[in-house]
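**Q** Coordinates in protein_13.cif, mmCIF, C-alpha atoms, are listed below.
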data_target
loop_
_atom_site.label_atom_id
_atom_site.label_comp_id
_atom_site.auth_asym_id
_atom_site.auth_seq_id
_atom_site.Cartn_x
_atom_site.Cartn_y
_atom_site.Cartn_z
CA MET A 17 133.45 113.38 36.54
CA ILE A 18 133.99 112.84 32.85
CA ASP A 19 130.87 112.77 30.74
CA TYR A 20 131.07 110.13 28.02
CA PHE A 21 129.12 112.32 25.62
CA GLU A 22 131.91 114.89 25.76
CA ILE A 23 134.41 112.21 24.80
CA LEU A 24 132.15 111.19 21.91
CA ASP A 25 132.04 114.84 20.82
CA ILE A 26 135.82 115.04 20.75
CA VAL A 27 136.12 111.77 18.82
CA SER A 28 133.47 112.87 16.33
CA PHE A 29 135.28 116.18 15.76
CA LEU A 30 138.48 114.28 15.00
CA LEU A 31 136.66 111.86 12.69
CA PHE A 32 135.09 114.73 10.77
CA ALA A 33 138.56 116.21 10.36
CA LEU A 34 139.73 112.87 8.99
CA ILE A 35 136.82 112.81 6.52
CA LEU A 36 137.72 116.31 5.34
CA TYR A 37 141.31 115.18 4.88
CA PHE A 38 140.25 112.27 2.67
CA LEU A 39 137.99 114.59 0.68
CA SER A 40 140.88 117.03 0.23
CA VAL A 41 143.15 114.31 -1.16
CA ILE A 42 140.49 113.07 -3.58
CA SER A 43 139.50 116.59 -4.60
CA LYS A 44 143.11 117.59 -5.18
CA ARG A 45 143.52 114.73 -7.64
CA LEU A 46 140.19 115.53 -9.30
CA GLY A 47 141.10 119.19 -9.56
CA ASN A 48 144.45 118.38 -11.18
CA VAL A 49 142.77 116.15 -13.77
CA MET A 50 139.93 118.57 -14.56
CA GLY A 51 142.05 121.71 -14.39
CA LEU A 52 140.07 123.30 -11.55
CA ARG A 53 141.37 125.92 -9.17
CA LYS A 54 142.97 124.81 -5.92
CA TYR A 55 139.86 124.81 -3.75
CA TYR A 56 141.26 121.97 -1.63
CA TYR A 57 142.94 124.62 0.52
CA ILE A 58 139.46 125.36 1.84
CA TYR A 59 139.41 121.78 3.13
CA TYR A 60 142.67 122.41 4.96
CA LEU A 61 141.19 125.51 6.57
CA GLY A 62 138.16 123.48 7.61
CA ILE A 63 140.42 120.80 9.09
CA PHE A 64 142.22 123.50 11.08
CA PHE A 65 138.92 124.73 12.54
CA LEU A 66 137.83 121.19 13.38
CA LEU A 67 141.11 120.40 15.13
CA PHE A 68 140.93 123.70 17.00
CA ALA A 69 137.38 122.84 18.06
CA SER A 70 138.53 119.47 19.36
CA ILE A 71 141.32 121.14 21.35
CA ILE A 72 138.78 123.52 22.87
CA LYS A 73 136.55 120.58 23.75
CA ILE A 74 139.45 118.70 25.34
CA LEU A 75 140.38 121.71 27.46
CA SER A 76 136.77 122.27 28.53
CA VAL A 77 135.99 118.71 29.67
CA GLY A 78 134.07 118.96 32.91
CA ILE A 79 133.57 122.71 32.66
CA GLN A 80 130.09 123.85 31.77
CA TYR A 81 129.25 126.61 29.31
CA THR A 82 132.71 126.86 27.79
CA ASP A 83 132.28 124.31 25.02
CA PHE A 84 130.07 126.72 23.03
CA TYR A 85 133.17 128.02 21.26
CA GLY A 86 134.10 124.47 20.33
CA TYR A 87 130.78 124.06 18.57
CA VAL A 88 131.19 127.41 16.83
CA PHE A 89 134.57 126.41 15.40
CA PHE A 90 133.16 122.98 14.53
CA SER A 91 130.34 124.53 12.55
CA ILE A 92 132.75 126.89 10.76
CA GLY A 93 134.97 123.96 9.82
CA LEU A 94 132.08 121.90 8.48
CA THR A 95 130.72 124.87 6.55
CA LEU A 96 134.09 125.36 4.88
CA GLY A 97 134.16 121.66 4.03
CA LEU A 98 130.68 121.95 2.54
CA ILE A 99 131.69 124.93 0.41
CA ALA A 100 134.74 123.10 -0.93
CA SER A 101 132.67 119.98 -1.60
CA ILE A 102 130.11 121.96 -3.56
CA ARG A 103 132.88 123.55 -5.62
CA TYR A 104 134.44 120.18 -6.47
CA TRP A 105 131.50 117.80 -6.50
CA GLY A 106 128.54 120.02 -7.36
CA TRP A 107 128.57 118.88 -10.98
CA LEU A 108 127.55 115.39 -9.84
CA ILE A 109 124.33 116.74 -8.38
CA ILE A 110 123.58 118.58 -11.60
CA GLU A 111 124.18 115.39 -13.61
CA LEU A 112 122.00 113.44 -11.22
CA PHE A 113 119.03 115.75 -11.78
CA ARG A 114 119.54 115.83 -15.54
CA GLY A 115 119.00 112.13 -15.63
#
Write out the structure in this file as structure tokens.
**A**
Amino acid sequence: MIDYFEILDIVSFLLFALILYFLSVISKRLGNVMGLRKYYYIYYLGIFFLLFASIIKILSVGIQYTDFYGYVFFSIGLTLGLIASIRYWGWLIIELFRG
């Protein structure tokens, strides 16, 4: 029997990958304007891990205790996205606290 929460997990993994893609496009343009290094490749690596996690989740639907690896790859992908976001958008947080 298919658990609907597993389907929601798979959909959320794919939506997070889509968010990282949009962030990579915006950050690539920002990096070109500001002359930053090409950190948007970190987003692409994060998208790869998120898509790999969703494939693992799809293959492990209905099987218990095998989706742990999907969550591991999901967390690696989101961590890479966070690192790239801090590199590109960290200056906004600094400006926010400067007031």
**Q** Name the residues that the PyMOL selection byres ((chain A and resi 33) around 10) picks from the file above, as a VMD selection string, using the file's chain letters and numbers.
**A** chain A and resid 27 to 32 34 to 39 59 to 60 62 to 67 70 90 93 to 94 97
**Q** Please measure the separation of CA of Ile58 in chain A and CA of Arg103 in chain A, giving the value in Å to one decimal.
**A** 10.1 Å
**Q** Can you tell me how far CA of Leu24 in chain A sits from CA of Phe84 in chain A, in Å to one decimal?
**A**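 It comes out at 15.7 Å.
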**Q** I'd like the interatomic distance between CA of Gly78 in chain A and CA of Ile23 in chain A, to a tenth of an Å.
**A**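 Straight-line distance from CA of Gly78 in chain A to CA of Ile23 in chain A works out to 10.6 Å.
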**Q** Have a look at A:Tyr104, A:Tyr87, A:Glu22, A:Leu112 and name the one nearest to Gly51 in chain A; count all atoms listed in the file.
**A**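 Closest residue, counting all atoms listed in the file: A:Tyr104.
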**Q** Go through A:Leu61, A:Ala69, A:Leu46, A:Leu52 and flag the residue nearest Ile26 in chain A, using all atoms listed in the file for the distances.
**A**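 Counting all atoms listed in the file, the residue closest to Ile26 in chain A is A:Ala69.
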**Q** Could you work out an axis-aligned box for range 62-71 of chain A, taking every atom the file lists and adding 5 Å on each side, and report centre and edge lengths in Å to one decimal, as lines of an AutoDock Vina configuration file?
**A**
center_x = 139.8
center_y = 122.1
center_z = 14.5
size_x = 14.8
size_y = 15.3
size_z = 23.7
**Q** Could I get range 66-98 of chain A rebuilt with N, CA and C atoms, written as a compact mmCIF listing (two decimals), in the coordinates of the input?
**A**
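As a result, out30.txt now contains:
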# COMPACT_ATOMS: atom_id res chain seq x y z
N LEU A 66 138.30 122.37 12.67
CA LEU A 66 137.83 121.19 13.38
C LEU A 66 138.82 120.73 14.44
N LEU A 67 140.10 120.78 14.13
CA LEU A 67 141.11 120.40 15.13
C LEU A 67 141.16 121.41 16.27
N PHE A 68 140.97 122.68 15.95
CA PHE A 68 140.93 123.70 17.00
C PHE A 68 139.71 123.50 17.88
N ALA A 69 138.59 123.11 17.28
CA ALA A 69 137.38 122.84 18.06
C ALA A 69 137.58 121.64 18.98
N SER A 70 138.29 120.62 18.50
CA SER A 70 138.53 119.47 19.36
C SER A 70 139.47 119.82 20.51
N ILE A 71 140.44 120.70 20.27
CA ILE A 71 141.32 121.14 21.35
C ILE A 71 140.53 121.92 22.40
N ILE A 72 139.62 122.77 21.94
CA ILE A 72 138.78 123.52 22.87
C ILE A 72 137.92 122.57 23.69
N LYS A 73 137.38 121.55 23.03
CA LYS A 73 136.55 120.58 23.75
C LYS A 73 137.37 119.78 24.76
N ILE A 74 138.60 119.44 24.40
CA ILE A 74 139.45 118.70 25.34
C ILE A 74 139.76 119.55 26.56
N LEU A 75 140.05 120.82 26.34
CA LEU A 75 140.38 121.71 27.46
C LEU A 75 139.17 122.04 28.33
N SER A 76 137.96 121.91 27.77
CA SER A 76 136.77 122.27 28.53
C SER A 76 136.00 121.07 29.05
N VAL A 77 136.65 119.90 29.12
CA VAL A 77 135.99 118.71 29.67
C VAL A 77 135.71 118.95 31.14
N GLY A 78 134.47 118.78 31.52
CA GLY A 78 134.07 118.96 32.91
C GLY A 78 133.70 120.38 33.27
N ILE A 79 133.91 121.32 32.39
CA ILE A 79 133.57 122.71 32.66
C ILE A 79 132.33 123.05 31.83
N GLN A 80 131.32 123.53 32.49
CA GLN A 80 130.09 123.85 31.77
C GLN A 80 130.19 125.21 31.10
N TYR A 81 129.44 125.35 30.03
CA TYR A 81 129.25 126.61 29.31
C TYR A 81 130.49 127.14 28.61
N THR A 82 131.54 126.39 28.52
CA THR A 82 132.71 126.86 27.79
C THR A 82 132.90 126.12 26.47
N ASP A 83 132.12 125.06 26.25
CA ASP A 83 132.28 124.31 25.02
C ASP A 83 131.47 124.91 23.87
N PHE A 84 130.79 126.03 24.10
CA PHE A 84 130.07 126.72 23.03
C PHE A 84 131.02 127.12 21.91
N TYR A 85 132.19 127.59 22.27
CA TYR A 85 133.17 128.02 21.26
C TYR A 85 133.67 126.82 20.44
N GLY A 86 133.74 125.67 21.06
CA GLY A 86 134.10 124.47 20.33
C GLY A 86 133.09 124.15 19.24
N TYR A 87 131.82 124.31 19.56
CA TYR A 87 130.78 124.06 18.57
C TYR A 87 130.76 125.13 17.48
N VAL A 88 131.12 126.35 17.84
CA VAL A 88 131.19 127.41 16.83
C VAL A 88 132.29 127.11 15.82
N PHE A 89 133.47 126.74 16.31
CA PHE A 89 134.57 126.41 15.40
C PHE A 89 134.27 125.14 14.61
N PHE A 90 133.57 124.20 15.24
CA PHE A 90 133.16 122.98 14.53
C PHE A 90 132.23 123.31 13.37
N SER A 91 131.27 124.18 13.61
CA SER A 91 130.34 124.53 12.55
C SER A 91 131.03 125.33 11.44
N ILE A 92 131.99 126.16 11.79
CA ILE A 92 132.75 126.89 10.76
C ILE A 92 133.55 125.91 9.91
N GLY A 93 134.19 124.95 10.55
CA GLY A 93 134.97 123.96 9.82
C GLY A 93 134.12 123.12 8.88
N LEU A 94 132.95 122.69 9.35
CA LEU A 94 132.08 121.90 8.48
C LEU A 94 131.50 122.73 7.35
N THR A 95 131.22 124.00 7.61
CA THR A 95 130.72 124.87 6.55
C THR A 95 131.77 125.07 5.47
N LEU A 96 133.01 125.24 5.87
CA LEU A 96 134.09 125.36 4.88
C LEU A 96 134.24 124.07 4.08
N GLY A 97 134.11 122.93 4.74
CA GLY A 97 134.16 121.66 4.03
C GLY A 97 133.01 121.51 3.05
N LEU A 98 131.84 122.00 3.43
CA LEU A 98 130.68 121.95 2.54
C LEU A 98 130.89 122.84 1.32
